[in-house]
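So this one's entry_7.csv, CSV, C-alpha atoms:
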chain,number,residue,atom,x,y,z
A,501,MET,CA,0.0,0.0,0.0
A,502,VAL,CA,2.4,2.7,1.0
A,503,HIS,CA,4.8,1.6,-1.7
A,504,MET,CA,2.3,2.5,-4.3
A,505,VAL,CA,3.2,1.4,-7.8
A,506,GLU,CA,2.9,3.4,-11.0
A,507,GLY,CA,-0.5,3.5,-12.8
A,508,ILE,CA,-2.8,3.3,-9.8
A,509,ALA,CA,-3.0,6.9,-8.5
A,510,SER,CA,-4.4,9.5,-10.9
A,511,LEU,CA,-2.0,12.1,-12.4
A,512,PRO,CA,-3.2,15.1,-10.4
A,513,VAL,CA,-2.7,13.2,-7.1
A,514,VAL,CA,0.8,12.1,-8.1
A,515,ALA,CA,1.7,15.6,-9.3
A,516,GLY,CA,0.4,17.3,-6.2
A,517,CYS,CA,2.1,14.9,-3.9
A,518,THR,CA,5.4,15.3,-5.8
A,519,VAL,CA,5.3,19.1,-5.3
A,520,LEU,CA,4.5,18.6,-1.6
A,521,ALA,CA,7.2,16.1,-1.2
A,522,ALA,CA,9.8,18.3,-2.9
A,523,ALA,CA,8.9,21.2,-0.6
A,524,GLY,CA,9.1,18.9,2.4
A,525,VAL,CA,12.5,17.5,1.3
A,526,GLY,CA,13.8,21.1,0.7
A,527,TYR,CA,12.6,22.2,4.1
A,528,GLY,CA,14.1,19.1,5.7
A,529,LEU,CA,17.4,19.8,4.1
A,530,THR,CA,17.5,23.3,5.8
A,531,ARG,CA,16.8,21.6,9.1
A,532,LEU,CA,19.6,19.1,8.7
A,533,ALA,CA,22.6,20.3,10.7
A,534,PRO,CA,26.0,18.9,9.6
A,535,GLU,CA,26.5,17.3,13.0
A,536,ASP,CA,23.2,15.4,12.6
A,537,MET,CA,24.3,14.0,9.3
A,538,PRO,CA,25.7,10.6,10.5
A,539,ARG,CA,22.6,10.0,12.7
A,540,THR,CA,20.4,10.8,9.8
A,541,ALA,CA,22.2,8.4,7.5
A,542,VAL,CA,22.1,5.6,10.1
A,543,VAL,CA,18.4,6.0,10.7
A,544,GLY,CA,17.8,6.3,7.0
A,545,ALA,CA,19.7,3.0,6.5
A,546,ALA,CA,17.6,1.4,9.2
A,547,PHE,CA,14.4,2.6,7.4
A,548,PHE,CA,15.8,1.3,4.1
A,549,VAL,CA,16.3,-2.2,5.6
A,550,ALA,CA,13.2,-2.2,7.8
A,551,SER,CA,10.8,-2.8,4.9
A,552,LEU,CA,12.7,-6.0,4.1
A,553,LEU,CA,11.9,-7.4,7.6
A,554,HIS,CA,8.9,-9.5,6.7
A,555,VAL,CA,6.9,-10.8,9.5
A,556,PRO,CA,5.2,-14.0,8.2
A,557,ILE,CA,1.6,-13.7,9.0
A,558,GLY,CA,-0.9,-16.4,8.0
A,559,PRO,CA,-0.6,-17.1,4.3
A,560,SER,CA,0.9,-13.7,3.6
A,561,SER,CA,3.5,-11.5,5.2
A,562,ALA,CA,3.8,-7.9,6.3
A,563,HIS,CA,6.7,-5.7,6.6
A,564,LEU,CA,7.7,-3.0,9.1
A,565,LEU,CA,7.8,0.7,8.0
A,566,ALA,CA,9.8,2.4,10.7
A,567,ASN,CA,8.5,5.8,9.7
A,568,GLY,CA,7.3,6.7,13.2
A,569,LEU,CA,10.8,5.9,14.7
A,570,MET,CA,12.5,7.9,11.9
A,571,GLY,CA,10.3,10.9,12.5
A,572,LEU,CA,10.8,10.8,16.3
A,573,LEU,CA,14.5,10.6,15.9
A,574,LEU,CA,15.1,13.1,13.1
A,575,GLY,CA,12.1,15.5,12.8
A,576,TRP,CA,11.9,17.3,9.5
A,577,ALA,CA,15.3,16.0,8.5
A,578,CYS,CA,13.8,12.5,8.1
A,579,LEU,CA,12.3,13.6,4.8
A,580,PRO,CA,15.5,13.9,2.7
A,581,ALA,CA,16.7,10.6,4.2
A,582,MET,CA,13.4,9.0,3.4
A,583,ALA,CA,13.5,10.2,-0.2
A,584,VAL,CA,16.9,8.6,-0.7
A,585,ALA,CA,15.9,5.4,1.0
A,586,LEU,CA,12.6,5.2,-1.0
A,587,LEU,CA,14.4,5.8,-4.3
A,588,LEU,CA,16.9,3.0,-3.4
A,589,GLN,CA,14.0,0.7,-2.5
A,590,ALA,CA,12.3,1.4,-5.8
A,591,VAL,CA,15.5,0.9,-7.8
A,592,PHE,CA,16.9,-2.1,-6.0
A,593,PHE,CA,13.8,-4.0,-4.8
A,594,GLY,CA,11.1,-2.7,-7.1
A,595,PHE,CA,9.0,-1.5,-4.2
A,596,GLY,CA,6.8,1.3,-5.5
A,597,GLY,CA,8.1,3.2,-8.5
A,598,VAL,CA,10.3,6.1,-9.4
A,599,THR,CA,7.5,8.3,-10.6
A,600,THR,CA,5.4,7.7,-7.5
A,601,LEU,CA,8.3,8.6,-5.3
A,602,GLY,CA,6.7,11.9,-4.2
A,603,LEU,CA,3.4,10.2,-3.5
A,604,ASN,CA,5.0,7.5,-1.4
A,605,LEU,CA,7.1,10.1,0.4
A,606,VAL,CA,4.0,12.1,1.4
A,607,MET,CA,2.2,9.0,2.6
A,608,ILE,CA,5.2,7.8,4.7
A,609,GLY,CA,6.8,11.1,5.6
A,610,ALA,CA,3.8,13.1,6.7
A,611,PRO,CA,3.0,10.7,9.6
A,612,ALA,CA,6.6,10.7,10.6
A,613,VAL,CA,6.7,14.5,10.9
A,614,ILE,CA,3.4,14.5,12.8
A,615,ALA,CA,4.7,11.8,15.1
A,616,TYR,CA,7.7,14.0,15.8
A,617,TYR,CA,5.6,16.9,16.9
A,618,LEU,CA,3.2,14.8,18.9
A,619,PHE,CA,5.6,12.5,20.7
A,620,ARG,CA,9.0,14.2,20.9
A,621,GLY,CA,8.1,15.8,24.2
A,622,ALA,CA,7.3,12.5,25.8
A,623,ALA,CA,10.3,10.8,24.2
A,624,ARG,CA,12.6,13.4,25.8
A,625,ARG,CA,11.2,12.8,29.2
A,626,GLY,CA,12.9,9.5,30.1
A,627,THR,CA,9.8,8.0,31.6
A,628,GLY,CA,7.6,8.5,28.6
A,629,ALA,CA,9.9,6.9,26.1
A,630,TRP,CA,8.1,3.6,25.8
A,631,ALA,CA,4.7,5.4,25.5
A,632,ALA,CA,6.1,7.8,22.9
A,633,GLY,CA,7.5,4.9,20.9
A,634,LEU,CA,4.2,3.0,21.1
A,635,GLY,CA,2.3,6.1,19.9
A,636,ALA,CA,4.8,7.0,17.2
A,637,GLY,CA,4.9,3.5,15.8
A,638,ALA,CA,1.2,3.0,15.7
A,639,LEU,CA,0.5,6.5,14.4
A,640,GLY,CA,3.2,6.1,11.7
A,641,VAL,CA,1.7,3.0,10.1
A,642,GLY,CA,-1.9,3.9,10.9
A,643,LEU,CA,-1.8,7.3,9.3
A,644,ALA,CA,0.2,6.1,6.4
A,645,ALA,CA,-2.4,3.5,5.7
A,646,THR,CA,-5.2,6.1,6.0
A,647,LEU,CA,-3.4,8.4,3.6
A,648,ALA,CA,-3.0,5.5,1.2
A,649,ALA,CA,-6.7,4.9,1.4
A,650,CYS,CA,-7.3,8.6,0.7
A,651,VAL,CA,-5.0,8.5,-2.3
A,652,LEU,CA,-6.9,5.5,-3.6
A,653,ALA,CA,-10.2,7.3,-3.0
A,654,LEU,CA,-9.0,10.4,-4.9
A,655,SER,CA,-8.0,8.1,-7.7
A,656,GLY,CA,-11.4,6.6,-8.2
A,657,GLU,CA,-11.5,3.6,-5.8
A,658,ALA,CA,-14.4,3.8,-3.4
A,659,PHE,CA,-13.0,5.2,-0.2
A,660,LEU,CA,-14.6,3.0,2.5
A,661,PRO,CA,-13.8,-0.4,1.0
A,662,ALA,CA,-10.3,0.7,0.1
A,663,ALA,CA,-9.7,2.2,3.6
A,664,LYS,CA,-11.1,-0.9,5.2
A,665,LEU,CA,-8.9,-3.2,3.1
A,666,VAL,CA,-5.8,-1.2,3.7
A,667,LEU,CA,-6.4,-0.6,7.4
A,668,ALA,CA,-7.4,-4.2,8.1
A,669,ALA,CA,-4.3,-5.4,6.3
A,670,HIS,CA,-2.1,-3.2,8.4
A,671,LEU,CA,-3.6,-3.8,11.8
A,672,PRO,CA,-1.0,-6.4,12.6
A,673,VAL,CA,1.7,-4.2,11.2
A,674,ILE,CA,0.5,-1.3,13.4
A,675,VAL,CA,0.9,-3.5,16.5
A,676,ALA,CA,4.3,-4.9,15.4
A,677,GLU,CA,5.5,-1.4,14.5
A,678,ALA,CA,4.3,0.1,17.8
A,679,LEU,CA,6.1,-2.5,19.8
A,680,VAL,CA,9.3,-2.4,17.8
A,681,THR,CA,9.4,1.4,17.9
A,682,ALA,CA,8.7,1.4,21.6
A,683,ALA,CA,11.5,-1.1,22.2
A,684,ALA,CA,13.9,1.0,20.1
A,685,ILE,CA,13.0,4.3,21.7
A,686,GLY,CA,13.1,2.8,25.2
A,687,LEU,CA,16.5,1.4,24.5
A,688,LEU,CA,17.8,4.7,23.2
A,689,ALA,CA,16.3,6.6,26.1
A,690,ARG,CA,18.4,4.4,28.4
A,691,VAL,CA,21.7,4.1,26.6
A,692,LYS,CA,21.9,7.2,24.5
A,693,PRO,CA,19.3,9.8,25.6
A,694,ASP,CA,20.9,12.5,23.4
A,695,ALA,CA,19.8,10.6,20.3
A,696,LEU,CA,16.3,11.7,21.2
A,697,GLY,CA,17.4,15.3,21.3
A,698,ARG,CA,17.1,15.5,25.0
A,699,ALA,CA,18.8,18.2,27.0
A,700,PRO,CA,21.3,16.7,29.4
A,701,ALA,CA,19.3,14.6,31.9
A,702,PRO,CA,19.1,16.0,35.4
A,703,ALA,CA,21.0,13.1,36.7
A,704,ALA,CA,23.8,13.6,34.2
A,705,THR,CA,24.4,17.3,34.7
A,706,PRO,CA,25.9,17.1,38.2
A,707,ALA,CA,28.0,14.1,37.1
A,708,GLU,CA,29.4,16.1,34.2
A,709,GLY,CA,29.9,19.1,36.4
A,710,ALA,CA,31.9,17.0,38.9
A,711,ALA,CA,34.0,15.5,36.2
B,529,MET,CA,16.1,-5.0,25.9
B,530,ILE,CA,16.4,-7.7,23.3
B,531,ARG,CA,14.1,-10.0,25.2
B,532,PRO,CA,11.0,-7.8,25.3
B,533,LEU,CA,11.5,-7.0,21.6
B,534,LEU,CA,11.6,-10.7,20.7
B,535,LEU,CA,8.7,-11.3,23.0
B,536,ALA,CA,6.8,-8.5,21.3
B,537,LEU,CA,7.5,-9.9,17.8
B,538,ALA,CA,6.5,-13.4,18.8
B,539,LEU,CA,3.3,-12.0,20.3
B,540,VAL,CA,2.5,-10.1,17.1
B,541,VAL,CA,3.1,-13.1,14.9
B,542,ALA,CA,0.9,-15.2,17.2
B,543,VAL,CA,-2.1,-12.8,17.3
B,544,SER,CA,-2.2,-11.2,13.9
B,545,ALA,CA,-4.4,-11.8,10.9
B,546,PRO,CA,-3.3,-12.0,7.3
B,547,ALA,CA,-1.8,-8.9,5.8
B,548,LEU,CA,-0.6,-7.9,2.4
B,549,ALA,CA,3.0,-7.5,1.4
B,550,HIS,CA,4.1,-4.6,-0.7
B,551,LYS,CA,3.6,-6.0,-4.1
B,552,ILE,CA,1.7,-8.6,-5.9
B,553,LYS,CA,2.8,-10.6,-8.9
B,554,VAL,CA,1.0,-12.2,-11.7
B,555,PHE,CA,2.4,-15.2,-13.5
B,556,ALA,CA,0.7,-17.0,-16.4
B,557,THR,CA,1.5,-19.7,-18.9
B,558,ALA,CA,-0.3,-21.0,-21.9
B,559,GLU,CA,-0.9,-24.7,-22.5
B,560,GLY,CA,-2.8,-25.0,-25.7
B,561,ALA,CA,-5.3,-22.2,-25.8
B,562,VAL,CA,-5.9,-22.2,-22.1
B,563,VAL,CA,-3.9,-19.7,-20.1
B,564,SER,CA,-3.5,-20.6,-16.5
B,565,GLY,CA,-2.0,-18.2,-14.0
B,566,LEU,CA,-1.3,-17.4,-10.5
B,567,VAL,CA,-1.6,-14.1,-8.5
B,568,TYR,CA,0.7,-14.1,-5.5
B,569,PHE,CA,2.7,-12.0,-3.0
B,570,PRO,CA,6.4,-12.5,-3.4
B,571,GLY,CA,7.7,-14.1,-0.3
B,572,GLY,CA,4.7,-16.4,0.0
B,573,GLY,CA,1.0,-16.0,0.0
B,574,LYS,CA,-1.6,-16.3,-2.7
B,575,ALA,CA,-4.1,-13.6,-3.6
B,576,VAL,CA,-7.5,-15.2,-3.1
B,577,GLY,CA,-10.4,-13.7,-5.0
B,578,ALA,CA,-8.4,-11.1,-6.8
B,579,PRO,CA,-9.9,-9.7,-10.0
B,580,VAL,CA,-7.8,-10.2,-13.0
B,581,GLN,CA,-8.4,-8.1,-16.1
B,582,VAL,CA,-7.3,-9.5,-19.5
B,583,LEU,CA,-6.2,-6.9,-22.0
B,584,GLY,CA,-5.4,-7.3,-25.7
B,585,PRO,CA,-2.3,-5.7,-27.3
B,586,ASP,CA,-4.3,-2.5,-28.0
B,587,GLY,CA,-5.3,-2.2,-24.3
B,588,VAL,CA,-8.9,-3.2,-24.9
B,589,GLU,CA,-10.4,-5.5,-22.3
B,590,ILE,CA,-11.0,-9.0,-23.6
B,591,GLY,CA,-12.2,-10.7,-20.4
B,592,ARG,CA,-12.2,-10.7,-16.7
B,593,VAL,CA,-11.5,-13.6,-14.3
B,594,THR,CA,-11.2,-14.0,-10.6
B,595,THR,CA,-8.6,-16.0,-8.7
B,596,ASP,CA,-9.8,-19.1,-6.7
B,597,ASP,CA,-8.8,-20.2,-3.2
B,598,ALA,CA,-5.3,-21.0,-4.4
B,599,GLY,CA,-4.8,-17.7,-6.1
B,600,ALA,CA,-5.0,-19.4,-9.5
B,601,PHE,CA,-7.0,-18.4,-12.5
B,602,THR,CA,-7.6,-19.8,-16.1
B,603,PHE,CA,-8.5,-18.0,-19.2
B,604,GLU,CA,-9.3,-19.4,-22.6
B,605,ALA,CA,-7.7,-17.5,-25.4
B,606,THR,CA,-9.7,-17.1,-28.6
B,607,ARG,CA,-7.1,-15.2,-30.6
B,608,ARG,CA,-3.4,-15.6,-31.1
B,609,ILE,CA,-2.4,-12.2,-29.7
B,610,ASP,CA,-0.4,-10.8,-26.8
B,611,HIS,CA,-2.6,-11.1,-23.6
B,612,THR,CA,-1.8,-8.8,-20.7
B,613,PHE,CA,-3.1,-10.0,-17.4
B,614,VAL,CA,-3.6,-7.2,-14.8
B,615,ALA,CA,-4.4,-8.1,-11.2
B,616,ASP,CA,-5.5,-5.2,-9.0
B,617,THR,CA,-6.4,-5.9,-5.4
B,618,GLY,CA,-7.9,-2.4,-4.9
B,619,ASP,CA,-5.5,-1.4,-2.1
B,620,GLY,CA,-2.8,0.1,-4.2
B,621,HIS,CA,-1.2,-3.1,-5.4
B,622,ARG,CA,-1.2,-4.1,-9.1
B,623,GLY,CA,0.7,-6.7,-11.0
B,624,THR,CA,0.8,-7.4,-14.7
B,625,PHE,CA,2.0,-10.2,-16.8
B,626,VAL,CA,2.1,-10.6,-20.6
B,627,VAL,CA,1.5,-13.9,-22.3
B,628,LYS,CA,3.1,-13.5,-25.8
B,629,ALA,CA,1.2,-14.5,-28.9
B,630,ASP,CA,3.8,-17.1,-29.9
B,631,GLN,CA,3.0,-19.1,-26.7
B,632,LEU,CA,-0.5,-19.7,-28.0
B,633,PRO,CA,-1.3,-22.4,-30.5
B,634,VAL,CA,-1.0,-21.5,-34.2
B,635,SER,CA,-4.5,-22.9,-34.8
B,636,LEU,CA,-6.0,-19.8,-33.2
B,637,PRO,CA,-6.7,-16.9,-35.5
B,638,GLY,CA,-4.1,-14.2,-35.2
B,639,GLY,CA,-4.6,-10.6,-34.2
B,640,GLU,CA,-4.3,-9.1,-37.7
B,641,ASP,CA,-6.3,-11.5,-39.7
B,642,ALA,CA,-9.0,-12.0,-37.1
B,643,ALA,CA,-11.4,-10.1,-39.3
B,644,GLY,CA,-14.3,-12.3,-38.4
B,645,ALA,CA,-15.8,-15.8,-38.8
B,646,PRO,CA,-14.5,-16.7,-42.3
B,647,SER,CA,-10.8,-16.6,-41.3
B,648,THR,CA,-11.7,-18.6,-38.2
B,649,ALA,CA,-13.5,-21.2,-40.2
B,650,ALA,CA,-10.8,-21.7,-42.9
B,651,PRO,CA,-8.1,-23.2,-40.7
B,652,ALA,CA,-10.6,-25.3,-38.9
B,653,ALA,CA,-11.9,-26.8,-42.2
B,654,ALA,CA,-8.4,-27.6,-43.6
B,655,PRO,CA,-7.4,-30.1,-40.9
B,656,ALA,CA,-10.6,-32.0,-41.3
B,657,ALA,CA,-9.8,-32.5,-45.0
B,658,ALA,CA,-6.2,-33.7,-44.4
B,659,ALA,CA,-5.2,-37.0,-42.8
B,660,PRO,CA,-5.7,-36.4,-39.0
B,661,VAL,CA,-2.3,-38.0,-38.0
B,662,LEU,CA,-0.1,-36.0,-40.3
B,663,ASP,CA,-1.8,-32.7,-40.0
B,664,PRO,CA,1.1,-30.3,-39.4
B,665,ALA,CA,-0.9,-27.7,-37.5
B,666,ALA,CA,-2.2,-30.3,-35.1
B,667,LEU,CA,1.2,-31.8,-34.7
B,668,GLU,CA,2.7,-28.5,-34.0
B,669,ASP,CA,0.1,-27.8,-31.4
B,670,ALA,CA,0.7,-31.1,-29.7
B,671,VAL,CA,4.4,-30.6,-29.6
B,672,ALA,CA,4.0,-27.0,-28.3
B,673,ARG,CA,1.7,-28.3,-25.6
B,674,ALA,CA,4.1,-31.0,-24.5
B,675,VAL,CA,7.0,-28.5,-24.4
B,676,ALA,CA,4.9,-26.0,-22.5
B,677,ARG,CA,4.1,-28.7,-19.9
B,678,GLU,CA,7.8,-29.3,-19.3
B,679,VAL,CA,8.9,-25.7,-19.5
B,680,ASN,CA,6.2,-23.9,-17.5
B,681,PRO,CA,7.3,-25.1,-14.0
B,682,LEU,CA,10.8,-23.8,-14.9
B,683,ARG,CA,9.3,-20.5,-15.9
B,684,LEU,CA,7.6,-20.2,-12.5
B,685,GLN,CA,10.9,-21.1,-10.8
B,686,ILE,CA,12.8,-18.4,-12.7
B,687,GLU,CA,10.1,-15.9,-11.8
B,688,ALA,CA,10.4,-16.7,-8.1
B,689,TYR,CA,14.2,-16.6,-8.3
B,690,GLU,CA,14.1,-13.1,-9.9
B,691,GLU,CA,11.8,-12.0,-7.2
B,692,ARG,CA,14.1,-12.9,-4.3
B,693,ILE,CA,15.8,-9.9,-2.8
B,694,ARG,CA,19.4,-10.8,-2.6
B,695,LEU,CA,22.0,-9.7,0.0
B,696,HIS,CA,24.0,-7.8,-2.6
B,697,ASP,CA,21.0,-5.6,-3.3
B,698,ILE,CA,20.7,-4.7,0.3
B,699,LEU,CA,24.4,-4.1,0.7
B,700,GLY,CA,24.4,-2.0,-2.4
B,701,GLY,CA,21.6,0.1,-1.0
B,702,LEU,CA,23.4,0.6,2.3
B,703,GLY,CA,26.6,1.5,0.3
B,704,TRP,CA,24.7,4.2,-1.5
B,705,ILE,CA,23.4,5.7,1.7
B,706,ALA,CA,27.0,5.7,3.1
B,707,GLY,CA,28.2,7.2,-0.2
B,708,ILE,CA,25.6,10.0,-0.2
B,709,THR,CA,26.4,10.9,3.3
B,710,GLY,CA,30.1,11.0,2.5
B,711,LEU,CA,29.4,13.2,-0.5
B,712,ALA,CA,27.4,15.6,1.7
B,713,PHE,CA,30.2,15.8,4.2
B,714,TRP,CA,32.7,16.4,1.4
B,715,LEU,CA,30.6,19.3,0.0
B,716,LEU,CA,30.2,20.7,3.5
B,717,GLY,CA,33.9,20.5,4.1
B,718,ARG,CA,34.6,22.3,0.8
B,719,LYS,CA,32.2,25.1,1.7
B,720,LYS,CA,33.9,25.6,5.1
B,721,GLN,CA,37.3,25.8,3.5
B,722,GLY,CA,36.2,28.1,0.7
Take the structure I supplied and represent it as structure tokens, if you would.
Amino acid sequence: MVHMVEGIASLPVVAGCTVLAAAGVGYGLTRLAPEDMPRTAVVGAAFFVASLLHVPIGPSSAHLLANGLMGLLLGWACLPAMAVALLLQAVFFGFGGVTTLGLNLVMIGAPAVIAYYLFRGAARRGTGAWAAGLGAGALGVGLAATLAACVLALSGEAFLPAAKLVLAAHLPVIVAEALVTAAAIGLLARVKPDALGRAPAPAATPAEGAA
Amino acid sequence: MIRPLLLALALVVAVSAPALAHKIKVFATAEGAVVSGLVYFPGGGKAVGAPVQVLGPDGVEIGRVTTDDAGAFTFEATRRIDHTFVADTGDGHRGTFVVKADQLPVSLPGGEDAAGAPSTAAPAAAPAAAAPVLDPAALEDAVARAVAREVNPLRLQIEAYEERIRLHDILGGLGWIAGITGLAFWLLGRKKQG
């Protein structure tokens, strides 16, 4: 679904999303500080690989998206990294298509940025890290699936059946994604809090001052 | 930290319902005039009840079939033309597959000379007049059918092999990400120097 292939979405939808995606990537680049570059690349690489992690479910399989995690960690800077990763997925794996890159970036990137604004506060407080991860992971996939249904509706499929189909198919992914994101954010909050953009923790400040 | 993660994954696998992967594939082969095909998700899973549109070379719909419980469908070709099979599950996935005209028996009327009934009737009448055993068209059809029976499983295997994502693809992608990051640093470094 969120790796939509060529020839499904109508031309105005694709064109509009491409413009939107280009604007987002441009803005993301301005928010990408040089010292954040390695982190952005590493998280981008994780996103690139995450969609290969198939969870075999019943007769089919689903894959993780990692967009909530990416948004939470990178904020607006996730968009350029996602654009690169999505292009590579399209070229190497045939997920989605090159002309639908903008469309897919909007569907995957917009929830990531929204997750950033909604959950970064909680993620920075050490105690809320797990909750923030759960929220960001679920929102990332859930919203992406909803957007995919909207795109299908705009392109002529009946909205409700399409939305039901897409959301039902992604229910297990939402659960898996929420748990994996929560585990990742929880881990980061413990071992590397500054990855979440947190100001030096209250416990760490006196220790640093003493040292 | 690893343990809760594994636990979570196990839990998810245990409780969740079928979901769709990120693409669907169509595969079809002709045996005689009957085209049988399969709609599936790479990495396992058959698309049950998926509508499959059959298009001619000019993009005009010839027919419409639906996959059965095993994700399979059959379609009887009436003309010797390229058939394009399009499966669309309605959730943003679409797969296409082309069965070339030369996979279909020569006894079928071709795309160009399929003007109407007379051209269809002519080849049908000729075999009846000739000796049935030595009729070259029937013989060719029989041989083609036998070869197709042997070759079709191989075709499916090659298709599945093509679909597998290989380690070097993944490593290549990661290399690209590292390279782009390096390039960005290099450009930044130059800007600082300049």
Legend entry - Contacts of Ile685 in chain A at 12 Å (only C-alpha atoms; same-chain gap of 4+ positions) as number ranges by chain: A: 566, 568-573, 619-620, 622-637, 677-681, 689-697; B: 529, 533
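Taking CA of Arg677 in chain B as the reference point, CA of Glu559 in chain B is found at 6.9 Å.
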Inset, instruction - Could you check which of B:Gly577, B:Gly717, B:Gly638, B:Gly700 is closest to Asp597 in chain B, using all atoms listed in the file? - result: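 Among the listed residues, B:Gly577 lies closest to Asp597 in chain B.
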Inset, instruction - Give me, please, the distance in Å between CA of Asp610 in chain B and CA of Gly594 in chain A, quoted to one decimal. - result: 24.2 Å
Legend entry - Shortest interatomic distance to chain B - which of A:Ala550, A:Leu564, A:Leu532, A:Met537, counting all atoms listed in the file: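 Closest to chain B of all the choices is A:Met537.
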